[in-house]
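Visitor: There's a structure below that I have some questions on.
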Amino acid sequence: MSKTIKVALAGAGAFGVKHLDGIKNIDGVEVISLIGRELDKTKEVAAKYGIDHVTTDLAESLALKELDAVILCTPTQMHAEQTIACLNAGKHVQVEIPLADSLKGAQDVVALQKKTGLVAMCGHTRRFNPSHQYVRKQIEAGKFNIQQMDVQTYFFRRTNTNALGQARSWTDHLLWHHAAHTVDLFAYQANSPIVQANAVQGPIHPVLGIAMDMSIQLKAANGAICTLSLSFNNDGPLGTFFRYIGDTATYIARYDDLYTGKDEKIDVSQVDVSMNGIELQDREFFAAIREGREPNSSVAKVFACYEVLHKLEQQLK
């Protein structure tokens, strides 16, 4: 596929804008349609990025004849259903993490992707961050093996707000959204499937109806372990911080940056063509479309993560 890839982006919020910024740096790709919940706000974003077609209806964008692919940055609860709609319309699709908020949703997407043969990818960004790519390359070279991962995913989010502090129309979830990053990354970096998983959670919020604190333990078949702490109550540095404890080194990853266990910064600027994990994720999506291949973080490759999340959900019930 040598022609320009024409893309629709659904979800003009905080994360949708991150994708638009990343796509600006990628040759041969044009965003031709923007879908958002509030038309006026979506038009504002579209004007800023030079996107002509604006709508509040995904189906309207899917009907565009010239459209090749869709990126979904919509509420978690819509991911599986919308991914299926894109595949049924014959469009390649990248859905932001999580793939689904239930095992059945994930199963349905994977089954349809297999049937259509289209590129269907999930935004497991940690696979693409230069920091985690650096560690991955050390593992692949046989220079480093994980003994334990210690991960903290912390936010201060006691009301329904997004990363920009704006009101949200949907409720976020520690297990089905935020834990998905680490559950997938641990198995991916350990090069070994998860064979044991345990979880406990704190009180359910009376208004939001979700647990605001959670603790998860994982063990891979090769013996590596992972401890994951998640909170929406943390009044401090926000985000996810990964400590890789291995047989030859300790690494601390903070998004696209990497440090030694002694907090010395490691130069990861040459790991890939960009230092932006979201842009690298999008580059993989478009490269897979052009090359007619399965992408890293395809829906099939990340499916095992959702099987683990389902088991944890059953425990918590």
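Numbering starts fresh at 1 for the residues of each chain in the structure tokens, the chains themselves are lettered A, B, ... in the order given, and ligands are numbered from 1 as they appear.
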Step one, run DSSP on the backbone; step two, keep only residues of region 55-92 of chain A assigned to helix (DSSP H, G or I); then write them as a CSV table (one decimal) with C-alpha atoms, in the first residue's frame.

Guide:
chain,number,residue,atom,x,y,z
A,58,LEU,CA,-18.8,7.0,14.0
A,59,ALA,CA,-21.0,5.3,11.4
A,60,GLU,CA,-20.9,8.5,9.3
A,61,SER,CA,-17.1,8.4,9.2
A,62,LEU,CA,-17.1,4.6,8.5
A,76,THR,CA,-13.5,2.1,27.6
A,77,GLN,CA,-17.1,0.8,27.6
A,78,MET,CA,-17.4,1.4,23.9
A,79,HIS,CA,-14.1,-0.1,22.7
A,80,ALA,CA,-15.1,-3.7,21.8
A,81,GLU,CA,-18.4,-2.6,20.1
A,82,GLN,CA,-16.7,0.2,18.1
A,83,THR,CA,-13.7,-2.0,17.1
A,84,ILE,CA,-16.2,-4.6,15.8
A,85,ALA,CA,-18.1,-1.9,13.8
A,86,CYS,CA,-14.8,-0.7,12.2
A,87,LEU,CA,-13.9,-4.3,11.2
A,88,ASN,CA,-17.4,-5.0,9.8

Visitor: Excluding region 295-309 of chain A and residues on its chain fewer than 6 positions from it, collect all residues at most 7 Å away from it, counting only C-alpha atoms, and give them as JSON, numbers by chain.

Guide: {"A": [103, 106, 110, 120, 121, 122, 124, 175, 176, 180, 183, 184, 284, 285, 288]}

Visitor: Would you output that residue set with all heavy atoms, as a CSV table (one decimal), in the first residue's frame?

Guide:
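Output contents, as saved in part-v3.csv:
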chain,number,residue,atom,x,y,z
A,103,LEU,N,-14.1,-10.2,29.2
A,103,LEU,CA,-13.4,-11.2,28.4
A,103,LEU,C,-14.2,-11.5,27.1
A,103,LEU,O,-13.6,-11.6,26.0
A,103,LEU,CB,-13.3,-12.5,29.2
A,103,LEU,CG,-12.6,-13.7,28.5
A,103,LEU,CD1,-11.2,-13.3,28.1
A,103,LEU,CD2,-12.7,-14.9,29.4
A,106,ALA,N,-13.4,-9.0,24.4
A,106,ALA,CA,-12.1,-9.2,23.8
A,106,ALA,C,-12.1,-10.4,22.8
A,106,ALA,O,-11.6,-10.4,21.7
A,106,ALA,CB,-11.0,-9.4,24.9
A,110,VAL,N,-11.2,-10.5,18.7
A,110,VAL,CA,-10.2,-11.3,18.2
A,110,VAL,C,-10.7,-12.3,17.1
A,110,VAL,O,-10.1,-12.5,16.1
A,110,VAL,CB,-9.5,-12.1,19.3
A,110,VAL,CG1,-8.5,-13.2,18.8
A,110,VAL,CG2,-8.7,-11.2,20.3
A,120,ALA,N,-5.8,-5.2,13.2
A,120,ALA,CA,-6.5,-4.7,14.4
A,120,ALA,C,-5.5,-4.7,15.6
A,120,ALA,O,-5.0,-5.8,15.9
A,120,ALA,CB,-7.7,-5.6,14.7
A,121,MET,N,-5.3,-3.6,16.1
A,121,MET,CA,-4.2,-3.4,17.1
A,121,MET,C,-4.8,-2.7,18.3
A,121,MET,O,-5.7,-1.8,18.2
A,121,MET,CB,-3.1,-2.6,16.4
A,121,MET,CG,-2.0,-2.1,17.3
A,121,MET,SD,-0.7,-1.3,16.3
A,121,MET,CE,0.1,-0.4,17.5
A,122,CYS,N,-4.2,-3.0,19.5
A,122,CYS,CA,-4.6,-2.3,20.7
A,122,CYS,C,-3.5,-1.4,21.2
A,122,CYS,O,-2.3,-1.9,21.2
A,122,CYS,CB,-5.1,-3.3,21.7
A,122,CYS,SG,-5.8,-2.6,23.2
A,124,HIS,N,-1.4,-0.8,23.5
A,124,HIS,CA,-0.6,-1.1,24.7
A,124,HIS,C,0.8,-0.3,24.6
A,124,HIS,O,1.8,-0.9,24.2
A,124,HIS,CB,-0.4,-2.6,24.8
A,124,HIS,CG,-1.6,-3.3,25.3
A,124,HIS,ND1,-1.6,-4.0,26.5
A,124,HIS,CD2,-2.8,-3.5,24.7
A,124,HIS,CE1,-2.8,-4.5,26.7
A,124,HIS,NE2,-3.6,-4.2,25.6
A,175,LEU,N,-8.7,-1.8,37.2
A,175,LEU,CA,-8.4,-3.2,36.7
A,175,LEU,C,-8.4,-3.2,35.1
A,175,LEU,O,-7.4,-3.6,34.5
A,175,LEU,CB,-9.4,-4.2,37.3
A,175,LEU,CG,-9.2,-5.6,36.8
A,175,LEU,CD1,-7.8,-6.2,37.3
A,175,LEU,CD2,-10.3,-6.5,37.2
A,176,TRP,N,-9.6,-2.9,34.5
A,176,TRP,CA,-9.7,-3.1,33.1
A,176,TRP,C,-9.0,-2.1,32.2
A,176,TRP,O,-8.7,-2.4,31.1
A,176,TRP,CB,-11.2,-3.1,32.7
A,176,TRP,CG,-11.8,-4.4,33.1
A,176,TRP,CD1,-12.6,-4.7,34.2
A,176,TRP,CD2,-11.7,-5.7,32.4
A,176,TRP,NE1,-12.9,-6.1,34.2
A,176,TRP,CE2,-12.4,-6.7,33.1
A,176,TRP,CE3,-11.1,-6.0,31.2
A,176,TRP,CZ2,-12.5,-8.0,32.7
A,176,TRP,CZ3,-11.1,-7.4,30.8
A,176,TRP,CH2,-11.9,-8.3,31.5
A,180,ALA,N,-4.2,-3.2,32.8
A,180,ALA,CA,-4.0,-3.8,31.5
A,180,ALA,C,-2.6,-3.5,31.0
A,180,ALA,O,-1.9,-4.4,30.4
A,180,ALA,CB,-5.0,-3.4,30.5
A,183,VAL,N,-0.1,-5.7,33.2
A,183,VAL,CA,-0.3,-7.2,33.0
A,183,VAL,C,0.3,-7.6,31.7
A,183,VAL,O,1.0,-8.6,31.5
A,183,VAL,CB,-1.8,-7.5,33.1
A,183,VAL,CG1,-2.0,-9.0,32.7
A,183,VAL,CG2,-2.3,-7.3,34.5
A,184,ASP,N,0.0,-6.8,30.6
A,184,ASP,CA,0.5,-7.2,29.3
A,184,ASP,C,2.1,-7.0,29.2
A,184,ASP,O,2.8,-7.9,28.7
A,184,ASP,CB,-0.1,-6.3,28.2
A,184,ASP,CG,0.5,-6.5,26.8
A,184,ASP,OD1,0.2,-7.6,26.3
A,184,ASP,OD2,1.1,-5.6,26.3
A,284,GLU,N,3.8,2.0,14.1
A,284,GLU,CA,3.6,0.5,14.0
A,284,GLU,C,2.3,0.1,13.3
A,284,GLU,O,2.3,-0.8,12.5
A,284,GLU,CB,3.8,-0.2,15.4
A,284,GLU,CG,3.5,-1.7,15.4
A,284,GLU,CD,4.5,-2.5,14.6
A,284,GLU,OE1,5.5,-2.0,14.1
A,284,GLU,OE2,4.2,-3.7,14.5
A,285,PHE,N,1.3,0.8,13.7
A,285,PHE,CA,-0.1,0.6,13.1
A,285,PHE,C,-0.1,0.8,11.6
A,285,PHE,O,-0.5,-0.1,10.8
A,285,PHE,CB,-1.1,1.5,13.8
A,285,PHE,CG,-2.5,1.4,13.3
A,285,PHE,CD1,-3.1,0.1,13.1
A,285,PHE,CD2,-3.2,2.5,12.9
A,285,PHE,CE1,-4.5,0.1,12.6
A,285,PHE,CE2,-4.5,2.5,12.4
A,285,PHE,CZ,-5.1,1.2,12.3
A,288,ALA,N,2.2,-1.7,9.7
A,288,ALA,CA,1.5,-3.0,9.6
A,288,ALA,C,0.5,-3.0,8.4
A,288,ALA,O,0.4,-4.0,7.7
A,288,ALA,CB,0.9,-3.4,10.9

Visitor: Pick the closest to Ile210 (chain A) from A:Leu174, A:Ala111, A:Ile97, A:Leu67: which is it, counting only C-alpha atoms?

Guide: A:Leu174

Visitor: Considering only C-alpha atoms, state which residue in the set A:Thr56, A:Lys114, A:Gln189, A:Arg37 is at the smallest distance from Trp170 (chain A).

Guide: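 Checking each of A:Thr56, A:Lys114, A:Gln189, A:Arg37 against Trp170 (chain A), counting only C-alpha atoms, the winner is A:Arg37.
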
Visitor: Can you list, as a ChimeraX atom specification, all residues belonging to region 67-273 of chain A that DSSP tags as strand (DSSP E or B)?

Guide: /A:69-72,92-96,120-123,146-154,156,161,167,194-201,204,211,213-220,225-231,233,239-246,250-254,257-260,265-266

Visitor: Would you pick out the contacts of His181 (chain A) at 9 Å or less, using only C-alpha atoms, so that residues sharing its chain but fewer than 4 positions from it are not included, and give the list as a ChimeraX atom specification?

Guide: /A:97-98,124-127,177,185-186,305

Visitor: How about saving the chosen residues, C-alpha atoms kept, as a compact mmCIF listing (two decimals), in the first residue's frame?

Guide:
# COMPACT_ATOMS: atom_id res chain seq x y z
CA ILE A 97 -6.16 0.42 25.72
CA PRO A 98 -8.12 -1.49 26.94
CA HIS A 124 -0.57 -1.10 24.68
CA THR A 125 1.78 1.89 24.63
CA ARG A 126 4.33 0.45 27.08
CA ARG A 127 5.51 -1.95 24.36
CA HIS A 177 -7.80 0.00 32.00
CA LEU A 185 3.99 -5.59 29.68
CA PHE A 186 5.08 -8.05 32.37
CA CYS A 305 -3.77 -10.00 29.17

Visitor: Taking only C-alpha atoms into account, name the residue in A:Ile225, A:Ala211, A:Leu72, A:Val109 that is nearest to Arg243 (chain A).

Guide: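 Among the listed residues, A:Ile225 lies closest to Arg243 (chain A).
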
Visitor: Of the candidates A:Leu280, A:Ile252, A:Ile146, A:Leu258, which shows the shortest atom-to-atom distance to Lys219 (chain A), using only C-alpha atoms?

Guide: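 Going through A:Leu280, A:Ile252, A:Ile146, A:Leu258 one by one, the smallest distance to Lys219 (chain A) is for A:Ile146.
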
Visitor: Leaving out Phe155 (chain A) and any residue of its chain fewer than 4 positions from it, which residues lie within 9 Å of it when counting only C-alpha atoms, given as a ChimeraX atom specification?

Guide: /A:230-240

Visitor: What does the file look like for those residues with N, CA, C and O atoms, as an mmCIF file, in the first residue's frame?

Guide:
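Written output follows (out38.cif):
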data_model
loop_
_atom_site.group_PDB
_atom_site.id
_atom_site.type_symbol
_atom_site.label_atom_id
_atom_site.label_comp_id
_atom_site.auth_asym_id
_atom_site.auth_seq_id
_atom_site.Cartn_x
_atom_site.Cartn_y
_atom_site.Cartn_z
ATOM 1 N N LEU A 230 -2.103 0.107 42.492
ATOM 2 C CA LEU A 230 -2.855 1.114 41.737
ATOM 3 C C LEU A 230 -3.719 1.942 42.676
ATOM 4 O O LEU A 230 -4.297 1.399 43.625
ATOM 5 N N SER A 231 -3.803 3.246 42.405
ATOM 6 C CA SER A 231 -4.640 4.102 43.251
ATOM 7 C C SER A 231 -5.140 5.323 42.494
ATOM 8 O O SER A 231 -4.413 5.913 41.690
ATOM 9 N N PHE A 232 -6.394 5.678 42.752
ATOM 10 C CA PHE A 232 -6.943 6.961 42.321
ATOM 11 C C PHE A 232 -6.903 7.966 43.481
ATOM 12 O O PHE A 232 -7.394 9.077 43.360
ATOM 13 N N ASN A 233 -6.337 7.578 44.622
ATOM 14 C CA ASN A 233 -6.327 8.418 45.830
ATOM 15 C C ASN A 233 -4.987 9.092 46.088
ATOM 16 O O ASN A 233 -4.856 9.829 47.061
ATOM 17 N N ASN A 234 -3.992 8.850 45.240
ATOM 18 C CA ASN A 234 -2.633 9.304 45.533
ATOM 19 C C ASN A 234 -2.444 10.789 45.221
ATOM 20 O O ASN A 234 -2.501 11.199 44.065
ATOM 21 N N ASP A 235 -2.192 11.584 46.237
ATOM 22 C CA ASP A 235 -1.952 13.020 46.069
ATOM 23 C C ASP A 235 -0.448 13.257 45.977
ATOM 24 O O ASP A 235 0.208 13.665 46.925
ATOM 25 N N GLY A 236 0.095 12.972 44.813
ATOM 26 C CA GLY A 236 1.543 13.088 44.603
ATOM 27 C C GLY A 236 1.854 12.961 43.129
ATOM 28 O O GLY A 236 0.978 13.176 42.293
ATOM 29 N N PRO A 237 3.090 12.585 42.793
ATOM 30 C CA PRO A 237 3.419 12.419 41.369
ATOM 31 C C PRO A 237 2.448 11.446 40.708
ATOM 32 O O PRO A 237 2.157 10.384 41.258
ATOM 33 N N LEU A 238 1.932 11.832 39.526
ATOM 34 C CA LEU A 238 0.924 11.028 38.845
ATOM 35 C C LEU A 238 1.548 10.214 37.722
ATOM 36 O O LEU A 238 2.520 10.630 37.105
ATOM 37 N N GLY A 239 0.962 9.063 37.446
ATOM 38 C CA GLY A 239 1.422 8.237 36.339
ATOM 39 C C GLY A 239 1.861 6.870 36.816
ATOM 40 O O GLY A 239 1.570 6.457 37.936
ATOM 41 N N THR A 240 2.580 6.160 35.943
ATOM 42 C CA THR A 240 3.026 4.814 36.263
ATOM 43 C C THR A 240 4.546 4.758 36.262
ATOM 44 O O THR A 240 5.197 5.255 35.341
#

Visitor: Let me make sure I understand: among A:Val93, A:Val271, A:Val29, A:Val7, which one has the smallest atom-to-atom distance to Leu64 (chain A) if we use only C-alpha atoms?

Guide: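 Going through A:Val93, A:Val271, A:Val29, A:Val7 one by one, the smallest distance to Leu64 (chain A) is for A:Val7.
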
Visitor: Give me, as a PDB file with C-alpha atoms, in the first residue's frame, all polymer residues having an atom no more than 9 Å from Thr55 (chain A), counting only C-alpha atoms and skipping those fewer than 5 positions away in the same chain.

Guide:
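Writing the result to around-v6.pdb gives the following:
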ATOM      1  CA  SER A  33     -12.367  12.716   9.810  1.00  0.00           C
ATOM      2  CA  LEU A  34     -12.707  13.561  13.499  1.00  0.00           C
ATOM      3  CA  ILE A  35     -15.451  12.102  15.671  1.00  0.00           C
ATOM      4  CA  GLY A  36     -16.317  13.568  19.071  1.00  0.00           C
ATOM      5  CA  ARG A  37     -19.109  13.580  21.620  1.00  0.00           C
ATOM      6  CA  GLU A  38     -19.588  17.374  21.601  1.00  0.00           C
ATOM      7  CA  LEU A  39     -19.729  18.822  18.085  1.00  0.00           C
ATOM      8  CA  THR A  42     -14.676  18.595  18.172  1.00  0.00           C
ATOM      9  CA  LYS A  43     -14.851  21.309  15.494  1.00  0.00           C
ATOM     10  CA  GLU A  60     -20.916   8.520   9.345  1.00  0.00           C
ATOM     11  CA  SER A  61     -17.113   8.362   9.202  1.00  0.00           C
TER      12      SER A  61
END

Visitor: Of the candidates A:Phe15, A:Arg157, A:Asp150, A:Asp272, which shows the shortest atom-to-atom distance to Thr250 (chain A), using only C-alpha atoms?

Guide: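 Selected residue with least distance to Thr250 (chain A): A:Asp150.
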
Visitor: Figure out the distance between CA of Asp68 (chain A) and CA of Lys6 (chain A), please, to one decimal in Å.

Guide: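 Computed distance, CA of Lys6 (chain A) to CA of Asp68 (chain A), equals 5.3 Å.
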
Visitor: Tell me, as an NGL selection string, which residues lie within 10 Å of Val17 (chain A), counting only C-alpha atoms; anything in the same chain fewer than 4 positions away does not count.

Guide: :A and (9 or 11-13 or 21-23 or 45-46 or 49 or 73)

Visitor: Excluding Met275 (chain A) and its own-chain neighbours fewer than 4 positions away, which residues fall within 12 Å of it when counting only C-alpha atoms? Please give them as a PDB file with N, CA and C atoms, in the first residue's frame.

Guide:
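File selection_22.pdb, as written:
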ATOM      1  N   GLY A  22       1.152  13.028  17.289  1.00  0.00           N
ATOM      2  CA  GLY A  22       2.081  12.009  16.794  1.00  0.00           C
ATOM      3  C   GLY A  22       1.973  11.806  15.301  1.00  0.00           C
ATOM      4  N   ASN A  25       3.854  13.793  12.575  1.00  0.00           N
ATOM      5  CA  ASN A  25       5.258  13.476  12.283  1.00  0.00           C
ATOM      6  C   ASN A  25       5.424  12.257  11.373  1.00  0.00           C
ATOM      7  N   PHE A 128       5.912   0.222  23.302  1.00  0.00           N
ATOM      8  CA  PHE A 128       6.524   1.134  22.337  1.00  0.00           C
ATOM      9  C   PHE A 128       7.362   2.240  22.972  1.00  0.00           C
ATOM     10  N   ASN A 129       7.119   2.553  24.264  1.00  0.00           N
ATOM     11  CA  ASN A 129       7.931   3.585  24.923  1.00  0.00           C
ATOM     12  C   ASN A 129       9.418   3.246  24.774  1.00  0.00           C
ATOM     13  N   PRO A 130      10.271   4.212  24.394  1.00  0.00           N
ATOM     14  CA  PRO A 130      11.705   3.934  24.258  1.00  0.00           C
ATOM     15  C   PRO A 130      12.322   3.326  25.522  1.00  0.00           C
ATOM     16  N   SER A 131      11.839   3.734  26.695  1.00  0.00           N
ATOM     17  CA  SER A 131      12.369   3.196  27.956  1.00  0.00           C
ATOM     18  C   SER A 131      12.182   1.684  28.025  1.00  0.00           C
ATOM     19  N   HIS A 132      10.974   1.214  27.738  1.00  0.00           N
ATOM     20  CA  HIS A 132      10.691  -0.223  27.803  1.00  0.00           C
ATOM     21  C   HIS A 132      11.300  -0.970  26.617  1.00  0.00           C
ATOM     22  N   GLN A 133      11.404  -0.285  25.464  1.00  0.00           N
ATOM     23  CA  GLN A 133      12.081  -0.900  24.314  1.00  0.00           C
ATOM     24  C   GLN A 133      13.549  -1.176  24.632  1.00  0.00           C
ATOM     25  N   TYR A 134      14.192  -0.247  25.332  1.00  0.00           N
ATOM     26  CA  TYR A 134      15.604  -0.422  25.722  1.00  0.00           C
ATOM     27  C   TYR A 134      15.763  -1.683  26.564  1.00  0.00           C
ATOM     28  N   TYR A 255       7.487   6.500  31.874  1.00  0.00           N
ATOM     29  CA  TYR A 255       7.021   6.788  30.512  1.00  0.00           C
ATOM     30  C   TYR A 255       8.155   6.584  29.510  1.00  0.00           C
ATOM     31  N   ASP A 256       8.552   7.607  28.767  1.00  0.00           N
ATOM     32  CA  ASP A 256       9.555   7.433  27.725  1.00  0.00           C
ATOM     33  C   ASP A 256      10.985   7.550  28.254  1.00  0.00           C
ATOM     34  N   ASP A 257      11.164   7.821  29.546  1.00  0.00           N
ATOM     35  CA  ASP A 257      12.489   7.989  30.139  1.00  0.00           C
ATOM     36  C   ASP A 257      12.889   6.766  30.953  1.00  0.00           C
ATOM     37  N   LEU A 258      14.219   6.543  31.055  1.00  0.00           N
ATOM     38  CA  LEU A 258      14.741   5.375  31.763  1.00  0.00           C
ATOM     39  C   LEU A 258      15.924   5.777  32.642  1.00  0.00           C
ATOM     40  N   ASP A 267      20.480   7.204  28.327  1.00  0.00           N
ATOM     41  CA  ASP A 267      20.116   7.824  27.049  1.00  0.00           C
ATOM     42  C   ASP A 267      19.388   6.804  26.183  1.00  0.00           C
ATOM     43  N   VAL A 268      18.087   7.048  25.940  1.00  0.00           N
ATOM     44  CA  VAL A 268      17.312   6.138  25.084  1.00  0.00           C
ATOM     45  C   VAL A 268      16.905   6.828  23.775  1.00  0.00           C
ATOM     46  N   SER A 269      17.587   7.934  23.467  1.00  0.00           N
ATOM     47  CA  SER A 269      17.205   8.740  22.293  1.00  0.00           C
ATOM     48  C   SER A 269      17.465   8.026  20.971  1.00  0.00           C
ATOM     49  N   GLN A 270      18.333   7.005  20.977  1.00  0.00           N
ATOM     50  CA  GLN A 270      18.646   6.288  19.737  1.00  0.00           C
ATOM     51  C   GLN A 270      17.926   4.943  19.628  1.00  0.00           C
ATOM     52  N   VAL A 271      17.056   4.662  20.567  1.00  0.00           N
ATOM     53  CA  VAL A 271      16.357   3.367  20.578  1.00  0.00           C
ATOM     54  C   VAL A 271      15.422   3.230  19.380  1.00  0.00           C
ATOM     55  N   GLU A 279       3.455   8.180  19.307  1.00  0.00           N
ATOM     56  CA  GLU A 279       3.829   8.275  17.894  1.00  0.00           C
ATOM     57  C   GLU A 279       4.392   6.943  17.392  1.00  0.00           C
ATOM     58  N   LEU A 280       5.227   6.286  18.199  1.00  0.00           N
ATOM     59  CA  LEU A 280       5.817   5.006  17.803  1.00  0.00           C
ATOM     60  C   LEU A 280       4.746   3.926  17.664  1.00  0.00           C
ATOM     61  N   GLN A 281       3.765   3.983  18.540  1.00  0.00           N
ATOM     62  CA  GLN A 281       2.618   3.065  18.474  1.00  0.00           C
ATOM     63  C   GLN A 281       1.867   3.271  17.154  1.00  0.00           C
TER      64      GLN A 281
END

Visitor: Would you mind reading off the distance between CA of Val70 (chain A) and CA of Glu96 (chain A), one decimal, in Å?

Guide: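 Separation between CA of Val70 (chain A) and CA of Glu96 (chain A): 10.9 Å.
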
Visitor: Quick one: distance from CA of Gly142 (chain A) to CA of Gln217 (chain A) in Å, one decimal?

Guide: 25.5 Å
